[in-house]
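Raw contents of query-v4.txt, compact mmCIF, C-alpha atoms:
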```
# COMPACT_ATOMS: atom_id res chain seq x y z
CA MET A 1 -22.21 -16.15 -21.62
CA LEU A 2 -20.04 -19.29 -21.36
CA THR A 3 -17.03 -17.70 -19.72
CA LYS A 4 -15.02 -20.85 -19.09
CA THR A 5 -15.20 -24.52 -20.01
CA GLU A 6 -13.03 -27.35 -18.73
CA VAL A 7 -13.17 -30.98 -19.76
CA LEU A 8 -12.30 -33.10 -16.73
CA ASP A 9 -12.03 -36.90 -16.49
CA GLU A 10 -15.62 -37.55 -15.52
CA SER A 11 -17.22 -34.19 -15.91
CA LEU A 12 -17.67 -31.18 -18.07
CA PHE A 13 -17.29 -27.95 -16.14
CA VAL A 14 -18.93 -24.82 -17.55
CA GLU A 15 -18.97 -21.33 -16.10
CA ILE A 16 -21.99 -19.29 -17.21
CA ALA A 17 -22.38 -15.54 -16.76
CA GLY A 18 -25.20 -13.06 -17.29
CA GLU A 19 -28.97 -12.97 -17.32
CA LEU A 20 -30.53 -16.22 -18.54
CA ASP A 21 -33.63 -14.99 -20.35
CA LEU A 22 -35.22 -15.18 -23.81
CA LYS A 23 -32.47 -13.15 -25.44
CA ILE A 24 -29.71 -15.65 -24.69
CA ALA A 25 -31.75 -18.88 -24.50
CA ASP A 26 -31.16 -20.09 -28.08
CA LYS A 27 -27.45 -19.34 -27.99
CA LEU A 28 -26.99 -20.92 -24.58
CA ARG A 29 -28.86 -24.05 -25.74
CA THR A 30 -26.72 -24.34 -28.89
CA GLU A 31 -23.42 -23.84 -27.06
CA LEU A 32 -24.22 -26.27 -24.25
CA ASP A 33 -25.46 -28.89 -26.72
CA ARG A 34 -22.27 -28.58 -28.74
CA LEU A 35 -20.15 -29.11 -25.59
CA ILE A 36 -22.27 -32.06 -24.45
CA ASP A 37 -22.11 -33.67 -27.91
CA GLU A 38 -18.34 -33.17 -28.16
CA ASN A 39 -17.79 -34.68 -24.69
CA PRO A 40 -20.28 -37.51 -24.32
CA GLY A 41 -20.74 -39.61 -21.20
CA LYS A 42 -19.75 -36.94 -18.69
CA GLU A 43 -21.69 -35.26 -15.94
CA LEU A 44 -22.29 -31.57 -16.46
CA ILE A 45 -21.30 -29.08 -13.77
CA LEU A 46 -22.58 -25.54 -14.29
CA ASP A 47 -20.99 -22.77 -12.27
CA PHE A 48 -23.69 -20.15 -11.66
CA SER A 49 -21.68 -17.72 -9.53
CA ASN A 50 -21.99 -15.05 -12.24
CA VAL A 51 -25.58 -15.76 -13.22
CA ASN A 52 -27.64 -12.95 -11.75
CA PHE A 53 -31.06 -13.59 -13.28
CA ILE A 54 -33.07 -16.52 -14.57
CA ASP A 55 -36.65 -16.83 -15.80
CA SER A 56 -38.58 -19.61 -17.50
CA SER A 57 -36.65 -19.16 -20.78
CA GLY A 58 -33.41 -19.96 -18.95
CA LEU A 59 -35.09 -22.75 -16.99
CA GLY A 60 -36.29 -24.26 -20.26
CA VAL A 61 -32.69 -24.48 -21.48
CA LEU A 62 -31.68 -26.21 -18.21
CA LEU A 63 -34.58 -28.65 -18.44
CA GLY A 64 -33.70 -29.55 -22.03
CA ARG A 65 -30.03 -30.10 -21.13
CA TYR A 66 -31.08 -32.21 -18.14
CA LYS A 67 -33.07 -34.49 -20.47
CA LYS A 68 -30.16 -34.71 -22.90
CA VAL A 69 -27.53 -35.51 -20.26
CA TYR A 70 -29.85 -37.83 -18.32
CA SER A 71 -30.55 -39.83 -21.47
CA THR A 72 -26.89 -40.92 -21.44
CA GLY A 73 -27.08 -41.88 -17.76
CA ASN A 74 -25.44 -38.75 -16.40
CA LYS A 75 -26.46 -35.87 -14.18
CA ILE A 76 -26.31 -32.10 -14.06
CA TYR A 77 -25.04 -30.15 -11.07
CA ILE A 78 -25.33 -26.41 -10.56
CA LYS A 79 -22.90 -24.85 -8.12
CA ASP A 80 -22.54 -21.46 -6.44
CA VAL A 81 -26.03 -20.18 -7.16
CA GLN A 82 -26.91 -16.64 -6.10
CA PRO A 83 -29.82 -16.58 -3.61
CA GLN A 84 -32.39 -14.86 -5.87
CA VAL A 85 -31.61 -17.28 -8.71
CA LYS A 86 -31.77 -20.23 -6.33
CA ARG A 87 -35.26 -19.19 -5.28
CA VAL A 88 -36.51 -19.26 -8.87
CA LEU A 89 -34.85 -22.66 -9.43
CA GLU A 90 -36.53 -24.02 -6.31
CA LEU A 91 -39.96 -22.60 -7.15
CA SER A 92 -39.81 -24.09 -10.63
CA GLY A 93 -39.29 -27.57 -9.21
CA ILE A 94 -36.22 -28.10 -11.41
CA THR A 95 -34.14 -28.69 -8.27
CA ARG A 96 -35.86 -32.07 -8.06
CA LEU A 97 -34.07 -32.99 -11.30
CA ILE A 98 -30.90 -30.95 -11.20
CA ASN A 99 -28.72 -30.93 -8.11
CA VAL A 100 -28.08 -27.43 -6.83
CA THR A 101 -25.06 -28.03 -4.71
CA ASP A 102 -21.89 -26.73 -3.16
CA LEU A 103 -20.38 -30.17 -3.55
CA TYR A 104 -18.27 -29.01 -6.47
CA ARG A 105 -17.02 -25.87 -4.83
CA GLY A 106 -13.40 -26.79 -5.56
CA VAL A 107 -13.95 -27.97 -9.12
CA GLY A 108 -12.82 -25.72 -11.92
CA GLY A 109 -10.56 -23.62 -9.75
CA VAL A 110 -13.40 -21.41 -8.57
CA ASN A 111 -13.85 -21.01 -4.87
CA ASN A 112 -16.00 -18.25 -3.52
CA ASP A 113 -15.26 -18.85 0.14
CA MET B 1 -59.95 -6.15 3.37
CA THR B 2 -59.43 -2.43 3.05
CA LYS B 3 -60.58 -0.54 0.02
CA LYS B 4 -57.94 -0.07 -2.65
CA SER B 5 -56.60 3.42 -2.98
CA ASP B 6 -56.79 4.83 -6.50
CA LYS B 7 -54.57 7.84 -6.02
CA VAL B 8 -51.72 7.62 -8.53
CA LEU B 9 -48.36 8.50 -6.99
CA ASN B 10 -46.20 7.78 -10.00
CA LEU B 11 -46.52 6.38 -13.49
CA LEU B 12 -44.29 5.04 -16.25
CA ARG B 13 -45.44 4.03 -19.73
CA MET B 14 -43.23 2.22 -22.22
CA GLU B 15 -43.82 1.05 -25.76
CA PHE B 16 -41.28 -1.04 -27.63
CA LEU B 17 -40.84 -3.53 -30.47
CA SER B 18 -41.16 -7.24 -29.77
CA LEU B 19 -37.40 -7.81 -29.83
CA GLN B 20 -35.80 -10.35 -27.52
CA GLU B 21 -33.35 -7.77 -26.15
CA ASN B 22 -36.29 -5.68 -24.96
CA VAL B 23 -37.20 -8.33 -22.37
CA GLY B 24 -34.17 -7.25 -20.34
CA LEU B 25 -34.87 -3.59 -21.03
CA ALA B 26 -38.45 -3.85 -19.73
CA ARG B 27 -37.32 -5.82 -16.71
CA VAL B 28 -34.62 -3.34 -15.75
CA ALA B 29 -36.84 -0.29 -16.36
CA VAL B 30 -39.64 -1.69 -14.19
CA ALA B 31 -37.15 -2.71 -11.49
CA SER B 32 -35.63 0.79 -11.49
CA PHE B 33 -39.08 2.32 -11.12
CA ALA B 34 -39.96 -0.14 -8.34
CA ALA B 35 -36.64 0.44 -6.59
CA GLN B 36 -37.74 3.98 -5.81
CA ASP B 37 -39.74 2.29 -3.09
CA ASP B 38 -38.24 0.56 -0.15
CA LEU B 39 -38.75 -2.95 -1.48
CA THR B 40 -36.69 -5.95 -0.45
CA LEU B 41 -34.30 -7.53 -2.93
CA ASN B 42 -36.61 -10.52 -3.07
CA GLU B 43 -39.59 -8.35 -3.97
CA LEU B 44 -37.62 -6.61 -6.72
CA GLU B 45 -36.51 -9.96 -8.08
CA GLU B 46 -40.10 -11.18 -8.08
CA ILE B 47 -41.20 -8.14 -10.07
CA LYS B 48 -38.32 -8.63 -12.52
CA VAL B 49 -39.21 -12.28 -13.13
CA ALA B 50 -42.93 -11.48 -13.53
CA VAL B 51 -42.24 -8.73 -16.11
CA SER B 52 -39.74 -10.91 -17.92
CA GLU B 53 -42.30 -13.71 -18.23
CA ALA B 54 -45.10 -11.46 -19.44
CA VAL B 55 -42.98 -9.71 -22.07
CA SER B 56 -41.43 -13.02 -23.21
CA ASN B 57 -44.94 -14.47 -23.62
CA SER B 58 -45.96 -11.51 -25.79
CA ILE B 59 -42.92 -12.01 -28.03
CA ILE B 60 -43.04 -15.82 -28.27
CA HIS B 61 -46.77 -16.48 -28.24
CA GLY B 62 -48.47 -13.16 -28.99
CA TYR B 63 -46.28 -12.29 -31.95
CA ASP B 64 -44.83 -15.76 -32.80
CA ASN B 65 -41.33 -14.28 -32.46
CA SER B 66 -42.00 -11.64 -35.10
CA GLU B 67 -39.95 -8.54 -34.30
CA GLU B 68 -42.53 -6.14 -35.64
CA GLY B 69 -45.08 -6.28 -32.87
CA ILE B 70 -45.64 -3.52 -30.35
CA ILE B 71 -45.58 -4.27 -26.62
CA LYS B 72 -46.74 -1.74 -24.07
CA VAL B 73 -45.72 -1.87 -20.43
CA ASN B 74 -47.34 0.46 -17.92
CA ILE B 75 -46.35 0.63 -14.29
CA ILE B 76 -48.50 2.60 -11.91
CA ARG B 77 -47.67 3.29 -8.28
CA TYR B 78 -50.71 3.67 -6.04
CA GLU B 79 -50.46 4.35 -2.34
CA ASP B 80 -50.82 0.72 -1.38
CA ARG B 81 -49.66 -1.18 -4.44
CA MET B 82 -47.84 -1.24 -7.73
CA LYS B 83 -49.74 -2.21 -10.86
CA ILE B 84 -47.93 -3.53 -13.92
CA GLU B 85 -49.69 -3.95 -17.26
CA VAL B 86 -48.12 -5.79 -20.19
CA ILE B 87 -50.17 -5.39 -23.35
CA ASP B 88 -49.68 -6.77 -26.85
CA GLU B 89 -51.76 -6.72 -30.00
CA GLY B 90 -50.75 -10.24 -30.97
CA LYS B 91 -52.75 -13.32 -31.80
CA GLY B 92 -54.27 -13.71 -28.34
CA ILE B 93 -54.87 -16.81 -26.25
CA GLU B 94 -57.52 -19.37 -27.19
CA ASP B 95 -58.12 -20.68 -23.69
CA VAL B 96 -56.80 -18.44 -20.92
CA ASP B 97 -57.77 -20.89 -18.14
CA GLN B 98 -55.71 -23.61 -19.78
CA ALA B 99 -52.77 -21.30 -20.55
CA VAL B 100 -52.31 -20.29 -16.92
CA GLN B 101 -52.05 -23.92 -15.72
CA PRO B 102 -48.62 -25.11 -14.52
CA ALA B 103 -46.62 -27.00 -17.13
CA PHE B 104 -48.88 -25.90 -19.96
CA SER B 105 -46.57 -24.99 -22.78
CA THR B 106 -46.90 -25.14 -26.51
CA ASP B 107 -43.10 -25.55 -26.72
CA PRO B 108 -41.37 -28.68 -25.30
CA GLU B 109 -38.22 -26.72 -24.42
CA ARG B 110 -40.14 -24.37 -22.16
CA MET B 111 -41.42 -25.25 -18.74
CA GLY B 112 -44.86 -23.68 -18.98
CA LEU B 113 -44.15 -21.70 -15.86
CA GLY B 114 -44.57 -18.15 -17.11
CA PHE B 115 -48.03 -17.55 -15.69
CA VAL B 116 -47.20 -19.61 -12.59
CA PHE B 117 -44.30 -17.28 -11.79
CA MET B 118 -46.42 -14.20 -12.48
CA GLY B 119 -49.14 -15.56 -10.20
CA SER B 120 -46.88 -16.62 -7.37
CA PHE B 121 -44.52 -13.63 -7.46
CA MET B 122 -47.25 -10.98 -7.66
CA ASP B 123 -50.27 -10.56 -5.39
CA THR B 124 -52.85 -10.47 -8.17
CA LEU B 125 -52.77 -11.63 -11.79
CA THR B 126 -55.44 -10.96 -14.40
CA VAL B 127 -55.16 -12.11 -18.00
CA ASN B 128 -57.53 -10.65 -20.59
CA SER B 129 -57.22 -12.18 -24.02
CA LYS B 130 -59.22 -13.24 -27.02
CA PRO B 131 -57.97 -14.86 -30.23
CA GLY B 132 -57.14 -12.11 -32.69
CA SER B 133 -57.37 -9.23 -30.24
CA GLY B 134 -54.16 -9.38 -28.24
CA THR B 135 -53.40 -10.06 -24.62
CA GLN B 136 -53.42 -7.85 -21.58
CA VAL B 137 -51.67 -9.06 -18.42
CA ILE B 138 -52.35 -7.04 -15.28
CA MET B 139 -50.36 -7.77 -12.14
CA GLU B 140 -50.35 -6.04 -8.80
CA LYS B 141 -47.92 -6.11 -5.91
CA ARG B 142 -48.95 -4.80 -2.51
CA ILE B 143 -46.57 -2.29 -0.99
CA VAL B 144 -46.39 -1.84 2.74
CA ASN B 145 -43.66 0.71 3.21
CA ASN B 146 -44.44 1.57 6.79
CA LEU B 147 -43.57 -1.97 7.90
CA LYS B 148 -39.99 -1.49 6.82
CA ASN B 149 -37.18 0.33 8.62
```

Hey, can you dump this file as C-alpha cells for me?
Amino acid sequence: MLTKTEVLDESLFVEIAGELDLKIADKLRTELDRLIDENPGKELILDFSNVNFIDSSGLGVLLGRYKKVYSTGNKIYIKDVQPQVKRVLELSGITRLINVTDLYRGVGGVNND
Amino acid sequence: MTKKSDKVLNLLRMEFLSLQENVGLARVAVASFAAQDDLTLNELEEIKVAVSEAVSNSIIHGYDNSEEGIIKVNIIRYEDRMKIEVIDEGKGIEDVDQAVQPAFSTDPERMGLGFVFMGSFMDTLTVNSKPGSGTQVIMEKRIVNNLKN
C-alpha cells in the first residue's frame, strides 16, 4: 500500500499503490497519520502513479489527512494521477482542497515521462 | 423516450458475506461482466465506483461493519441497458431522501458521496429502504453498442 516513503527537507513524499477502497481505508489512514505525526510541519506529497482505483472510502482518508496537514499550516499534493482516478477526485470536489499536480514530477526519483 | 426492452440477454447473481475484501470482489466481478460489452474505460470505471459505493454502504451502514451480513448483487443485461441491484438485509435507512444528499454522512471521515457517485455515474438510481427491513439499491446504465466502432 505505502510502497515508498522519503522524508525531504520541507516535504514528506509517499508512494501509494493499489485500490483505495473500504478494505484498505483504515490501514492507509493509520499509516499516513503515523508518518505525518513523526514528521510534523511538512507538506505531504502523495505519488498516485500506482493507484488504480479510488472510491469515497479512499477519498475520506484523503479528506481527513488534508484536515490534519492543513491544521499545521501545510498542504497536500497528489502527483501522477491516473486519468480514471483523477476523474473521481475531480467529481468529488476534493481537488479544490488538495492540489492534483505534476509540479512534483521530479520529487522522489519517480518520473513517468 | 423509447420503451425499455425487458428481454434479458445475460444475468449474474452473487451472494457474499459483508466482509470488506468483498467490496473489491463485487467490483471486479461486475466489471468483468460489463466488459463483455463494448463499453469505454470511463464507463467501466463508473460502474466499478458505483458498485463499490453501494456494497460499502451495505457493510458500513446496513450491517454496522458486522461481517455476518449477507449482501446480494445482481447484474442483468437487457438489450438497451445494464441493471445492477445491491441488496442487504441490514438495518435500513431512516430517511432515504436525506441519505442521498451530497455531503450527508454519519461518519466525519467519509465524504458522504456514495449516493452522489452512484447517481452521477449511472443513468438511474433507485433506493428502496425502510428501518429494519434492509436496503435495495437499483442502478441502471444505458448501453448503446451500435454507436461504437

Requested in this report: Pull out every residue of chain B sitting within 12 Å of chain A, counting only C-alpha atoms, and send them as an NGL selection string.
Outcome: :B and (18-25 or 27-28 or 40-60 or 65 or 102-103 or 105 or 107-121)

Filtering to C-alpha atoms, could you give me those residues as a compact mmCIF listing (two decimals), in the coordinates of the input?
```txt
# COMPACT_ATOMS: atom_id res chain seq x y z
CA SER B 18 -41.16 -7.24 -29.77
CA LEU B 19 -37.40 -7.81 -29.83
CA GLN B 20 -35.80 -10.35 -27.52
CA GLU B 21 -33.35 -7.77 -26.15
CA ASN B 22 -36.29 -5.68 -24.96
CA VAL B 23 -37.20 -8.33 -22.37
CA GLY B 24 -34.17 -7.25 -20.34
CA LEU B 25 -34.87 -3.59 -21.03
CA ARG B 27 -37.32 -5.82 -16.71
CA VAL B 28 -34.62 -3.34 -15.75
CA THR B 40 -36.69 -5.95 -0.45
CA LEU B 41 -34.30 -7.53 -2.93
CA ASN B 42 -36.61 -10.52 -3.07
CA GLU B 43 -39.59 -8.35 -3.97
CA LEU B 44 -37.62 -6.61 -6.72
CA GLU B 45 -36.51 -9.96 -8.08
CA GLU B 46 -40.10 -11.18 -8.08
CA ILE B 47 -41.20 -8.14 -10.07
CA LYS B 48 -38.32 -8.63 -12.52
CA VAL B 49 -39.21 -12.28 -13.13
CA ALA B 50 -42.93 -11.48 -13.53
CA VAL B 51 -42.24 -8.73 -16.11
CA SER B 52 -39.74 -10.91 -17.92
CA GLU B 53 -42.30 -13.71 -18.23
CA ALA B 54 -45.10 -11.46 -19.44
CA VAL B 55 -42.98 -9.71 -22.07
CA SER B 56 -41.43 -13.02 -23.21
CA ASN B 57 -44.94 -14.47 -23.62
CA SER B 58 -45.96 -11.51 -25.79
CA ILE B 59 -42.92 -12.01 -28.03
CA ILE B 60 -43.04 -15.82 -28.27
CA ASN B 65 -41.33 -14.28 -32.46
CA PRO B 102 -48.62 -25.11 -14.52
CA ALA B 103 -46.62 -27.00 -17.13
CA SER B 105 -46.57 -24.99 -22.78
CA ASP B 107 -43.10 -25.55 -26.72
CA PRO B 108 -41.37 -28.68 -25.30
CA GLU B 109 -38.22 -26.72 -24.42
CA ARG B 110 -40.14 -24.37 -22.16
CA MET B 111 -41.42 -25.25 -18.74
CA GLY B 112 -44.86 -23.68 -18.98
CA LEU B 113 -44.15 -21.70 -15.86
CA GLY B 114 -44.57 -18.15 -17.11
CA PHE B 115 -48.03 -17.55 -15.69
CA VAL B 116 -47.20 -19.61 -12.59
CA PHE B 117 -44.30 -17.28 -11.79
CA MET B 118 -46.42 -14.20 -12.48
CA GLY B 119 -49.14 -15.56 -10.20
CA SER B 120 -46.88 -16.62 -7.37
CA PHE B 121 -44.52 -13.63 -7.46
```

Query raised in the report: Taking into account all atoms listed in the file, which residue in the set A:Asp102, A:Lys42, A:Leu89, A:Arg96 is nearest to A:Leu8?
Result: A:Lys42

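For the pair atom CA of A:Ala17 and atom CA of A:Val81, the interatomic distance is 11.3 Å.
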
Query raised in the report: atom CA of B:Asp80 to atom CA of B:Ile143: how many Å, to one decimal?
Result: 5.2 Å

Report task. Within 7 Å of stretch 83-86 of chain B, counting only C-alpha atoms, which residues show up once you throw out same-chain ones fewer than 5 positions away? Write them as a VMD selection string, please. Result -> chain B and resid 54 to 55 72 to 77 136 to 141

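Counting from atom CA of A:Ser49, the distance to atom CA of B:Asp38 is 26.4 Å.
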
Using the file's own x, y and z axes, what box holds all listed atoms of stretch 65-83 of chain B with 4 Å on each side, keeping edges along x, y and z, and what are its centre and edge lengths in Å to one decimal, as lines of an AutoDock Vina configuration file?
```
center_x = -45.4
center_y = -5.0
center_z = -18.5
size_x = 18.9
size_y = 26.6
size_z = 42.3
```

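Neighbours of A:Asn74 closer than or equal to 8 Å, with only C-alpha atoms counted and sequence neighbours fewer than 5 positions away skipped, come out as Gly41, Lys42, Glu43, Leu44 and Val69 of chain A.
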
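By only C-alpha atoms, and with residues fewer than 6 positions from B:Pro131 along its chain excluded, the set lying at most 7 Å from it is B:Lys91, B:Gly92, B:Ile93, B:Glu94.
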
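Nearest-residue note for A:Val51: choosing from A:Glu90, A:Asp33, A:Asp80, A:Thr5, the minimum distance belongs to A:Asp80, counting all atoms listed in the file.
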